[in-house]
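The file run.cif comes next; it holds mmCIF, C-alpha atoms and all ligand atoms.
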data_structure
#
loop_
_atom_site.label_atom_id
_atom_site.label_comp_id
_atom_site.auth_asym_id
_atom_site.auth_seq_id
_atom_site.Cartn_x
_atom_site.Cartn_y
_atom_site.Cartn_z
CA MET F 1 13.34 20.08 30.30
CA VAL F 2 14.70 21.12 33.70
CA ASP F 3 13.41 19.02 36.60
CA ALA F 4 11.59 20.88 39.38
CA PRO F 5 13.67 20.94 42.58
CA ARG F 6 12.86 17.92 44.69
CA GLN F 7 11.12 18.41 48.00
CA ALA F 8 13.15 17.68 51.14
CA VAL F 9 11.81 14.73 53.09
CA THR F 10 10.65 15.67 56.60
CA LYS F 11 8.12 12.96 57.47
CA ALA F 12 8.98 9.67 59.12
CA VAL F 13 6.44 6.85 59.42
CA LEU F 14 7.28 4.28 62.09
CA THR F 15 5.26 1.08 61.81
CA VAL F 16 4.68 -0.50 65.20
CA ALA F 17 1.33 -2.26 64.80
CA GLY F 18 2.60 -5.83 64.40
CA LEU F 19 1.72 -8.49 66.96
CA GLY F 20 5.29 -9.53 67.76
CA THR F 21 4.51 -13.25 67.93
CA ARG F 22 8.19 -14.22 67.57
CA PHE F 23 8.91 -12.65 70.94
CA LEU F 24 6.17 -14.23 73.03
CA PRO F 25 5.57 -14.36 75.92
CA ALA F 26 7.32 -10.99 76.49
CA THR F 27 5.12 -9.36 73.85
CA LYS F 28 1.80 -10.61 75.20
CA ALA F 29 1.15 -7.28 76.94
CA THR F 30 4.28 -5.27 76.03
CA PRO F 31 4.97 -4.09 72.49
CA LYS F 32 8.21 -5.54 71.11
CA GLU F 33 9.29 -2.01 70.19
CA MET F 34 9.30 -1.19 73.92
CA LEU F 35 11.69 -3.99 74.89
CA PRO F 36 14.83 -2.35 76.34
CA VAL F 37 18.01 -2.49 74.31
CA VAL F 38 20.48 -1.85 77.16
CA ASP F 39 18.47 0.93 78.86
CA LYS F 40 16.34 2.46 76.10
CA PRO F 41 13.29 1.00 74.38
CA ALA F 42 14.21 -0.21 70.88
CA ILE F 43 11.86 2.35 69.36
CA GLN F 44 13.71 5.27 70.92
CA TYR F 45 16.85 4.41 68.92
CA ILE F 46 14.71 4.61 65.81
CA VAL F 47 13.25 8.00 66.68
CA GLU F 48 16.80 9.20 67.38
CA GLU F 49 17.89 7.88 63.97
CA ALA F 50 15.03 9.69 62.23
CA VAL F 51 15.77 12.98 63.99
CA ALA F 52 19.53 12.63 63.28
CA ALA F 53 18.66 12.33 59.56
CA GLY F 54 16.72 15.61 59.73
CA LEU F 55 13.18 14.18 59.91
CA THR F 56 11.16 16.28 62.29
CA ASP F 57 7.66 14.89 61.84
CA VAL F 58 7.17 11.37 63.22
CA LEU F 59 3.99 9.34 62.70
CA PHE F 60 3.61 6.07 64.58
CA VAL F 61 1.26 3.56 63.02
CA THR F 62 0.15 1.72 66.15
CA GLY F 63 -2.22 -1.05 67.10
CA ARG F 64 -3.63 -2.59 70.25
CA ASN F 65 -1.38 -2.88 73.30
CA LYS F 66 0.74 0.13 72.30
CA THR F 67 -0.25 2.60 75.03
CA SER F 68 3.09 2.18 76.81
CA LEU F 69 4.79 3.37 73.62
CA GLU F 70 2.58 6.47 73.51
CA ASP F 71 3.30 7.10 77.20
CA HIS F 72 7.04 6.83 76.57
CA PHE F 73 6.98 9.76 74.16
CA ASP F 74 4.66 11.81 76.37
CA ARG F 75 5.49 13.97 79.41
CA ALA F 76 5.74 12.02 82.68
CA TRP F 77 4.73 14.67 85.23
CA GLU F 78 4.85 12.50 88.35
CA LEU F 79 8.27 11.13 87.55
CA GLU F 80 9.56 14.56 86.59
CA SER F 81 8.39 16.16 89.84
CA VAL F 82 10.04 13.42 91.91
CA LEU F 83 13.33 13.85 90.05
CA GLU F 84 13.06 17.65 90.25
CA ALA F 85 12.60 17.42 94.02
CA LYS F 86 15.82 15.38 94.17
CA ASP F 87 17.69 17.77 91.84
CA ASP F 88 18.48 14.74 89.67
CA GLU F 89 19.16 16.64 86.45
CA GLY F 90 20.78 13.64 84.74
CA ARG F 91 17.76 11.35 85.01
CA LEU F 92 15.40 14.26 84.39
CA GLY F 93 17.12 14.82 81.06
CA LEU F 94 16.65 11.14 80.14
CA VAL F 95 12.95 11.28 80.97
CA ARG F 96 12.34 14.50 79.05
CA SER F 97 14.40 13.81 75.95
CA ALA F 98 12.64 10.68 74.57
CA GLY F 99 11.01 12.46 71.61
CA LEU F 100 14.00 14.73 70.89
CA GLY F 101 11.73 17.61 70.02
CA ALA F 102 10.19 15.84 67.02
CA ASP F 103 6.56 16.51 66.24
CA ILE F 104 5.00 13.17 67.20
CA HIS F 105 1.68 11.84 65.85
CA TYR F 106 -0.21 8.57 66.05
CA THR F 107 -2.63 6.72 63.86
CA ARG F 108 -4.12 3.28 64.41
CA GLN F 109 -3.97 0.42 61.99
CA GLY F 110 -6.97 -1.42 63.48
CA ASP F 111 -6.49 -4.86 61.98
CA PRO F 112 -2.81 -5.78 61.52
CA LYS F 113 -3.27 -6.69 57.85
CA GLY F 114 0.41 -6.42 57.00
CA LEU F 115 3.18 -3.87 56.57
CA GLY F 116 1.76 -2.57 53.27
CA HIS F 117 -1.56 -1.90 54.95
CA ALA F 118 0.22 -0.17 57.88
CA VAL F 119 1.95 2.18 55.42
CA LEU F 120 -1.36 2.88 53.69
CA CYS F 121 -2.76 3.99 57.06
CA ALA F 122 -0.22 6.87 56.94
CA GLU F 123 -1.61 8.32 53.70
CA ARG F 124 -3.80 11.03 55.18
CA HIS F 125 -0.97 12.30 57.39
CA VAL F 126 1.76 12.12 54.74
CA GLY F 127 -0.14 13.58 51.77
CA GLN F 128 1.53 13.84 48.36
CA VAL F 129 5.19 14.11 49.37
CA PRO F 130 8.01 11.57 49.60
CA PHE F 131 8.44 10.16 53.10
CA ALA F 132 10.60 7.73 55.06
CA VAL F 133 9.41 4.47 56.62
CA PHE F 134 11.13 2.81 59.56
CA LEU F 135 10.17 -0.65 60.82
CA GLY F 136 9.85 -0.42 64.57
CA ASP F 137 11.83 -3.61 65.24
CA ASP F 138 14.70 -2.99 62.84
CA LEU F 139 17.56 -1.30 64.61
CA ILE F 140 20.41 0.27 62.65
CA ASP F 141 23.50 0.68 64.79
CA PRO F 142 23.83 4.43 65.49
CA ARG F 143 27.51 4.16 64.49
CA ASP F 144 26.56 3.19 60.90
CA PRO F 145 24.18 5.84 59.52
CA LEU F 146 22.12 4.69 56.52
CA LEU F 147 19.19 7.01 56.08
CA ALA F 148 21.20 10.07 55.04
CA THR F 149 22.51 8.15 52.00
CA MET F 150 19.01 6.96 51.12
CA LEU F 151 17.61 10.51 51.34
CA ASP F 152 20.45 11.74 49.14
CA VAL F 153 19.74 9.06 46.50
CA GLN F 154 16.03 9.95 46.57
CA ALA F 155 16.79 13.67 46.24
CA ARG F 156 18.96 13.04 43.16
CA HIS F 157 16.92 10.35 41.39
CA GLY F 158 13.36 10.81 42.69
CA GLY F 159 11.15 7.72 42.98
CA SER F 160 11.64 5.38 45.91
CA VAL F 161 14.67 3.96 47.70
CA VAL F 162 15.00 0.74 49.68
CA ALA F 163 17.77 -0.43 52.00
CA LEU F 164 19.44 -3.71 51.00
CA LEU F 165 21.58 -6.09 53.02
CA GLN F 166 23.69 -8.92 51.63
CA VAL F 167 22.48 -12.16 53.26
CA PRO F 168 23.34 -15.84 52.73
CA ARG F 169 20.90 -17.22 50.12
CA GLU F 170 19.52 -19.79 52.56
CA GLN F 171 18.23 -16.85 54.64
CA ALA F 172 16.42 -15.21 51.69
CA HIS F 173 13.10 -16.74 52.79
CA LEU F 174 13.14 -14.43 55.82
CA TYR F 175 13.17 -11.24 53.70
CA GLY F 176 11.97 -9.55 50.56
CA CYS F 177 14.65 -10.10 47.92
CA ALA F 178 15.67 -7.73 45.10
CA ALA F 179 16.69 -8.24 41.46
CA VAL F 180 19.08 -5.39 40.71
CA GLU F 181 21.18 -3.67 38.06
CA SER F 182 24.35 -1.86 39.04
CA THR F 183 24.70 1.91 38.64
CA ASP F 184 27.86 3.98 38.38
CA GLU F 185 27.63 4.73 42.12
CA GLU F 186 29.18 2.35 44.62
CA ASP F 187 26.56 0.54 46.72
CA VAL F 188 23.66 2.13 44.84
CA VAL F 189 21.68 -0.21 42.57
CA ARG F 190 18.57 0.02 40.43
CA VAL F 191 15.89 -2.39 41.63
CA THR F 192 14.15 -4.13 38.71
CA ASP F 193 12.08 -6.70 40.60
CA LEU F 194 11.30 -7.91 44.11
CA VAL F 195 10.15 -11.21 45.59
CA GLU F 196 8.73 -11.52 49.11
CA LYS F 197 10.35 -14.31 51.17
CA PRO F 198 11.55 -16.54 48.28
CA GLU F 199 12.91 -20.07 48.54
CA PRO F 200 16.73 -20.00 48.04
CA ALA F 201 16.41 -21.29 44.44
CA ASP F 202 13.93 -18.52 43.54
CA ALA F 203 15.87 -15.66 45.16
CA PRO F 204 16.87 -13.20 42.41
CA SER F 205 20.01 -12.12 44.34
CA ASP F 206 21.52 -12.21 47.82
CA LEU F 207 20.25 -8.67 48.48
CA ALA F 208 17.47 -8.57 51.08
CA ILE F 209 15.27 -5.59 51.93
CA ILE F 210 15.67 -4.31 55.47
CA GLY F 211 13.46 -1.95 57.42
CA ARG F 212 14.23 1.48 55.98
CA TYR F 213 12.48 2.99 52.97
CA VAL F 214 12.16 6.39 51.34
CA LEU F 215 8.93 6.19 49.37
CA ALA F 216 7.31 8.23 46.66
CA PRO F 217 3.68 9.09 47.46
CA GLU F 218 2.57 7.01 44.41
CA ILE F 219 3.02 4.01 46.71
CA PHE F 220 -0.36 4.80 48.28
CA ASP F 221 -2.27 4.33 44.99
CA VAL F 222 -0.40 1.10 44.35
CA LEU F 223 -1.01 -0.19 47.88
CA ARG F 224 -4.74 0.43 47.53
CA ASP F 225 -4.73 -1.95 44.55
CA THR F 226 -2.44 -4.52 46.15
CA GLY F 227 -4.26 -7.62 47.38
CA PRO F 228 -3.08 -9.90 50.18
CA GLY F 229 0.17 -11.62 49.32
CA ARG F 230 2.42 -13.96 51.22
CA GLY F 231 0.95 -14.95 54.62
CA GLY F 232 -2.40 -13.38 53.60
CA GLU F 233 -0.94 -9.93 54.43
CA ILE F 234 -0.81 -6.81 52.28
CA GLN F 235 2.91 -6.69 51.57
CA LEU F 236 4.87 -3.48 51.04
CA THR F 237 7.29 -5.53 48.94
CA ASP F 238 4.48 -6.40 46.48
CA ALA F 239 3.63 -2.71 46.03
CA LEU F 240 7.29 -1.80 45.56
CA ARG F 241 7.54 -4.56 42.99
CA THR F 242 4.76 -2.89 41.01
CA LEU F 243 6.67 0.43 41.18
CA ALA F 244 9.97 -1.22 40.20
CA ARG F 245 8.48 -2.99 37.18
CA SER F 246 6.42 -0.07 35.90
CA GLU F 247 7.49 2.57 33.40
CA ASP F 248 4.94 5.07 34.72
CA HIS F 249 6.37 5.66 38.17
CA GLY F 250 9.73 6.94 39.35
CA PRO F 251 12.58 4.45 39.69
CA VAL F 252 13.23 2.24 42.71
CA HIS F 253 16.84 2.38 43.85
CA GLY F 254 18.54 0.30 46.51
CA VAL F 255 21.29 1.40 48.88
CA VAL F 256 23.43 -1.56 49.94
CA PHE F 257 24.03 -1.28 53.67
CA ARG F 258 27.33 -2.60 54.96
CA GLY F 259 26.89 -1.65 58.62
CA ARG F 260 25.45 -3.29 61.70
CA ARG F 261 21.72 -3.97 61.89
CA TYR F 262 19.64 -5.93 64.38
CA ASP F 263 16.15 -7.40 64.09
CA THR F 264 15.04 -6.77 67.66
CA GLY F 265 11.82 -8.72 67.02
CA ASP F 266 13.89 -11.92 66.92
CA LYS F 267 15.11 -13.29 70.26
CA LEU F 268 18.64 -14.18 69.15
CA GLU F 269 19.19 -10.94 67.21
CA TYR F 270 17.82 -9.01 70.17
CA LEU F 271 20.41 -10.56 72.49
CA LYS F 272 23.17 -9.70 70.03
CA ALA F 273 21.96 -6.09 69.85
CA VAL F 274 22.01 -5.70 73.63
CA VAL F 275 25.53 -7.13 73.93
CA ARG F 276 27.02 -5.20 70.99
CA LEU F 277 25.57 -1.89 72.11
CA ALA F 278 26.39 -2.44 75.79
CA VAL F 279 30.09 -3.22 75.23
CA GLN F 280 30.65 0.11 73.45
CA ARG F 281 28.93 2.21 76.14
CA ASP F 282 31.31 4.37 78.18
CA ASP F 283 29.37 3.71 81.37
CA LEU F 284 28.95 -0.07 80.98
CA GLY F 285 31.56 -1.30 78.49
CA PRO F 286 34.65 -1.02 80.73
CA GLU F 287 33.13 -3.52 83.19
CA PHE F 288 30.83 -5.47 80.88
CA GLY F 289 33.47 -6.18 78.20
CA PRO F 290 36.01 -7.90 80.52
CA TRP F 291 33.16 -9.80 82.25
CA LEU F 292 31.92 -11.00 78.87
CA ARG F 293 35.40 -12.21 77.87
CA GLU F 294 35.71 -14.12 81.13
CA PHE F 295 32.24 -15.59 80.69
CA VAL F 296 33.00 -16.76 77.14
CA ALA F 297 36.33 -18.25 78.28
CA SER F 298 34.56 -20.16 81.05
CA MET F 299 32.01 -21.47 78.54
CA GLU F 300 34.83 -22.69 76.31
CA GLN F 301 36.35 -24.59 79.22
CA GLU F 302 33.02 -26.16 80.06
CA GLY F 303 32.54 -27.44 76.51
CA PRO F 304 29.35 -27.36 74.35
CA VAL F 305 26.39 -25.53 75.87
CA SER F 306 23.74 -27.92 77.12
CA ARG F 307 20.11 -26.94 76.96
P1 LIG F 401 6.93 -8.32 61.35
O1 LIG F 401 7.00 -9.00 60.05
O2 LIG F 401 8.08 -8.43 62.27
O3 LIG F 401 5.59 -8.81 62.07
O4 LIG F 401 6.63 -6.80 61.09
P2 LIG F 401 5.12 -8.62 63.55
O5 LIG F 401 3.68 -9.00 63.60
O6 LIG F 401 5.43 -7.26 64.05
O7 LIG F 401 6.02 -9.64 64.39
P3 LIG F 401 6.07 -11.23 64.41
O8 LIG F 401 6.63 -11.65 63.09
O9 LIG F 401 4.67 -11.72 64.67
O10 LIG F 401 6.98 -11.53 65.55
C1 LIG F 401 7.60 -5.90 60.57
C2 LIG F 401 7.18 -4.49 60.91
O11 LIG F 401 5.92 -4.18 60.35
C3 LIG F 401 5.03 -3.74 61.38
C4 LIG F 401 5.60 -4.31 62.66
O12 LIG F 401 5.21 -3.54 63.78
C5 LIG F 401 7.08 -4.21 62.38
O13 LIG F 401 7.54 -2.89 62.57
N1 LIG F 401 3.70 -4.25 61.06
C6 LIG F 401 3.54 -5.52 60.64
C7 LIG F 401 2.62 -3.41 61.19
O14 LIG F 401 2.76 -2.23 61.59
N2 LIG F 401 1.39 -3.88 60.87
C8 LIG F 401 1.19 -5.15 60.44
O15 LIG F 401 0.03 -5.51 60.14
C9 LIG F 401 2.29 -6.00 60.33
#

Translate this file's structure into structure tokens.
Ligand code: UTP
Amino acid sequence: MVDAPRQAVTKAVLTVAGLGTRFLPATKATPKEMLPVVDKPAIQYIVEEAVAAGLTDVLFVTGRNKTSLEDHFDRAWELESVLEAKDDEGRLGLVRSAGLGADIHYTRQGDPKGLGHAVLCAERHVGQVPFAVFLGDDLIDPRDPLLATMLDVQARHGGSVVALLQVPREQAHLYGCAAVESTDEEDVVRVTDLVEKPEPADAPSDLAIIGRYVLAPEIFDVLRDTGPGRGGEIQLTDALRTLARSEDHGPVHGVVFRGRRYDTGDKLEYLKAVVRLAVQRDDLGPEFGPWLREFVASMEQEGPVSR
């Protein structure tokens, strides 16, 4: 039997409804996705990544406190007229280009009952087609594209695709962890099982799930039947586990990511993201890089950092 041609993925779901408790107090009134990474909100990098991968329909799953995010992707008439009056084309371009021409939609999660529940909130908008999910605080360095490979794997194999990162086993409890079988493609594996935030001894591998997914629409049915898991939240990992272990649904593949990735919802990772992206910027790097070297050298002279 010849398989029907697979449908190209055009829809991106960006989950931004979490409370961001790890980044308090900054996230008391400001969504963590709006924290600036150099000079752009973290979420704008993610929209740019989605558009660069050919996804033209963006759905934000939002919650309370996210109006600044909606405003960021809206027109800003007052600001635009001030910049127009000054003939400041450069800044005008920055203000106007946030959404990059993508078709942007919003839905509300209501209660933040977990990532799985946030994805389920996208069902009505997505319908019965495969779609991509981006976690709003997971930043993939624009120099290391990942999603194009995941979309390609999904187009060839169907089913769902997760992004995997090799992590030290003692960090497995921070992630969902995958049991995998190798395939004949480099850095593409078949996922046979998943465990959400395991203790090091229970981790099935050192491959952790990071915040990019290409999902088959069957995930919605599975999510509806998935009860609260770890932390009392409806976990996307638990639903993917059901898909990975079942014969009835398409396969779950994993793409092993070897590039740079930052969890901007974590204070330390956030700082690293700002520094790494700032040093490579043409406008900032030439001054920031040498300053940073000098600063590090002065710290080394001063000895261990005191709190
Ligand atoms: P996190 O696990 O980082 O949770 O969510 P959080 O609540 O956002 O942040 P902390 O841990 O309290 O600091 C991972 C992703 O899932 C989304 C978040 O917005 C983030 O993109 N999420 C999480 C939701 O959209 N809804 C939820 O109910 C939970």

- Message: So the first atom is CA of Asp152 (chain F) and the second is CA of Ile209 (chain F); what is the distance between them in Å, to one decimal place?
- Response: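 Separation between CA of Asp152 (chain F) and CA of Ile209 (chain F): 18.3 Å.
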
- Quick one: residues within 9 Å of ligand LIG 401 (chain F), with all atoms listed in the file, as a PyMOL selection string? chain F and resi 14-24+27+31-33+60-63+109-119+134-138+211+233-235+263-266

- Grab the CA of Ala216 (chain F) to CA of Ser182 (chain F) distance for me, in Å with one decimal place.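 Separation between CA of Ala216 (chain F) and CA of Ser182 (chain F): 21.2 Å.
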
- Å distance separating CA of Pro198 (chain F) from CA of Cys177 (chain F), one decimal place: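 Distance reported for this atom pair: 7.2 Å.
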
- Item | Residues within 7 Å of region 156-159 of chain F, all atoms listed in the file, excluding chain neighbours under 3 positions, as a PyMOL selection string | chain F and resi 152-153+215-216+250-252

- Task: Determine, counting only C-alpha atoms, every residue of protein, DNA or RNA that lies within 8 Å of (13.9, -5.5, 36.6) in the file coordinates, then give the result as an MDAnalysis selection string.
- Result: chainID F and resid 179:181 191:193 244:245

Region 108-127 of chain F rebuilt with N, CA and C atoms, output as a PDB file, in the frame of the given file:
ATOM      1  N   ARG F 108      -3.931   4.697  64.080  1.00  0.00           N
ATOM      2  CA  ARG F 108      -4.120   3.280  64.410  1.00  0.00           C
ATOM      3  C   ARG F 108      -4.343   2.465  63.148  1.00  0.00           C
ATOM      4  N   GLN F 109      -3.761   1.282  63.147  1.00  0.00           N
ATOM      5  CA  GLN F 109      -3.970   0.420  61.990  1.00  0.00           C
ATOM      6  C   GLN F 109      -5.267  -0.388  62.113  1.00  0.00           C
ATOM      7  N   GLY F 110      -5.778  -0.562  63.338  1.00  0.00           N
ATOM      8  CA  GLY F 110      -6.970  -1.420  63.480  1.00  0.00           C
ATOM      9  C   GLY F 110      -6.560  -2.865  63.342  1.00  0.00           C
ATOM     10  N   ASP F 111      -6.904  -3.466  62.226  1.00  0.00           N
ATOM     11  CA  ASP F 111      -6.490  -4.860  61.980  1.00  0.00           C
ATOM     12  C   ASP F 111      -5.062  -4.884  61.464  1.00  0.00           C
ATOM     13  N   PRO F 112      -4.173  -5.695  62.069  1.00  0.00           N
ATOM     14  CA  PRO F 112      -2.810  -5.780  61.520  1.00  0.00           C
ATOM     15  C   PRO F 112      -2.800  -6.624  60.242  1.00  0.00           C
ATOM     16  N   LYS F 113      -3.139  -5.959  59.118  1.00  0.00           N
ATOM     17  CA  LYS F 113      -3.270  -6.690  57.850  1.00  0.00           C
ATOM     18  C   LYS F 113      -1.982  -6.719  57.060  1.00  0.00           C
ATOM     19  N   GLY F 114      -0.875  -6.366  57.693  1.00  0.00           N
ATOM     20  CA  GLY F 114       0.410  -6.420  57.000  1.00  0.00           C
ATOM     21  C   GLY F 114       1.081  -5.066  56.912  1.00  0.00           C
ATOM     22  N   LEU F 115       2.383  -5.098  56.607  1.00  0.00           N
ATOM     23  CA  LEU F 115       3.180  -3.870  56.570  1.00  0.00           C
ATOM     24  C   LEU F 115       2.666  -2.892  55.497  1.00  0.00           C
ATOM     25  N   GLY F 116       2.276  -3.432  54.340  1.00  0.00           N
ATOM     26  CA  GLY F 116       1.760  -2.570  53.270  1.00  0.00           C
ATOM     27  C   GLY F 116       0.529  -1.819  53.745  1.00  0.00           C
ATOM     28  N   HIS F 117      -0.333  -2.512  54.430  1.00  0.00           N
ATOM     29  CA  HIS F 117      -1.560  -1.900  54.950  1.00  0.00           C
ATOM     30  C   HIS F 117      -1.212  -0.851  56.013  1.00  0.00           C
ATOM     31  N   ALA F 118      -0.198  -1.145  56.855  1.00  0.00           N
ATOM     32  CA  ALA F 118       0.220  -0.170  57.880  1.00  0.00           C
ATOM     33  C   ALA F 118       0.705   1.120  57.207  1.00  0.00           C
ATOM     34  N   VAL F 119       1.458   0.978  56.123  1.00  0.00           N
ATOM     35  CA  VAL F 119       1.950   2.180  55.420  1.00  0.00           C
ATOM     36  C   VAL F 119       0.782   2.948  54.809  1.00  0.00           C
ATOM     37  N   LEU F 120      -0.186   2.217  54.281  1.00  0.00           N
ATOM     38  CA  LEU F 120      -1.360   2.880  53.690  1.00  0.00           C
ATOM     39  C   LEU F 120      -2.114   3.709  54.731  1.00  0.00           C
ATOM     40  N   CYS F 121      -2.082   3.250  55.988  1.00  0.00           N
ATOM     41  CA  CYS F 121      -2.760   3.990  57.060  1.00  0.00           C
ATOM     42  C   CYS F 121      -2.121   5.377  57.278  1.00  0.00           C
ATOM     43  N   ALA F 122      -0.914   5.585  56.758  1.00  0.00           N
ATOM     44  CA  ALA F 122      -0.220   6.870  56.940  1.00  0.00           C
ATOM     45  C   ALA F 122      -0.579   7.882  55.856  1.00  0.00           C
ATOM     46  N   GLU F 123      -1.383   7.468  54.881  1.00  0.00           N
ATOM     47  CA  GLU F 123      -1.610   8.320  53.700  1.00  0.00           C
ATOM     48  C   GLU F 123      -2.145   9.702  54.048  1.00  0.00           C
ATOM     49  N   ARG F 124      -3.170   9.740  54.878  1.00  0.00           N
ATOM     50  CA  ARG F 124      -3.800  11.030  55.180  1.00  0.00           C
ATOM     51  C   ARG F 124      -2.790  11.981  55.835  1.00  0.00           C
ATOM     52  N   HIS F 125      -1.946  11.456  56.702  1.00  0.00           N
ATOM     53  CA  HIS F 125      -0.970  12.300  57.390  1.00  0.00           C
ATOM     54  C   HIS F 125       0.154  12.735  56.443  1.00  0.00           C
ATOM     55  N   VAL F 126       0.592  11.830  55.589  1.00  0.00           N
ATOM     56  CA  VAL F 126       1.760  12.120  54.740  1.00  0.00           C
ATOM     57  C   VAL F 126       1.383  13.049  53.588  1.00  0.00           C
ATOM     58  N   GLY F 127       0.248  12.784  52.932  1.00  0.00           N
ATOM     59  CA  GLY F 127      -0.140  13.580  51.770  1.00  0.00           C
ATOM     60  C   GLY F 127       0.676  13.188  50.552  1.00  0.00           C
TER      61      GLY F 127
END
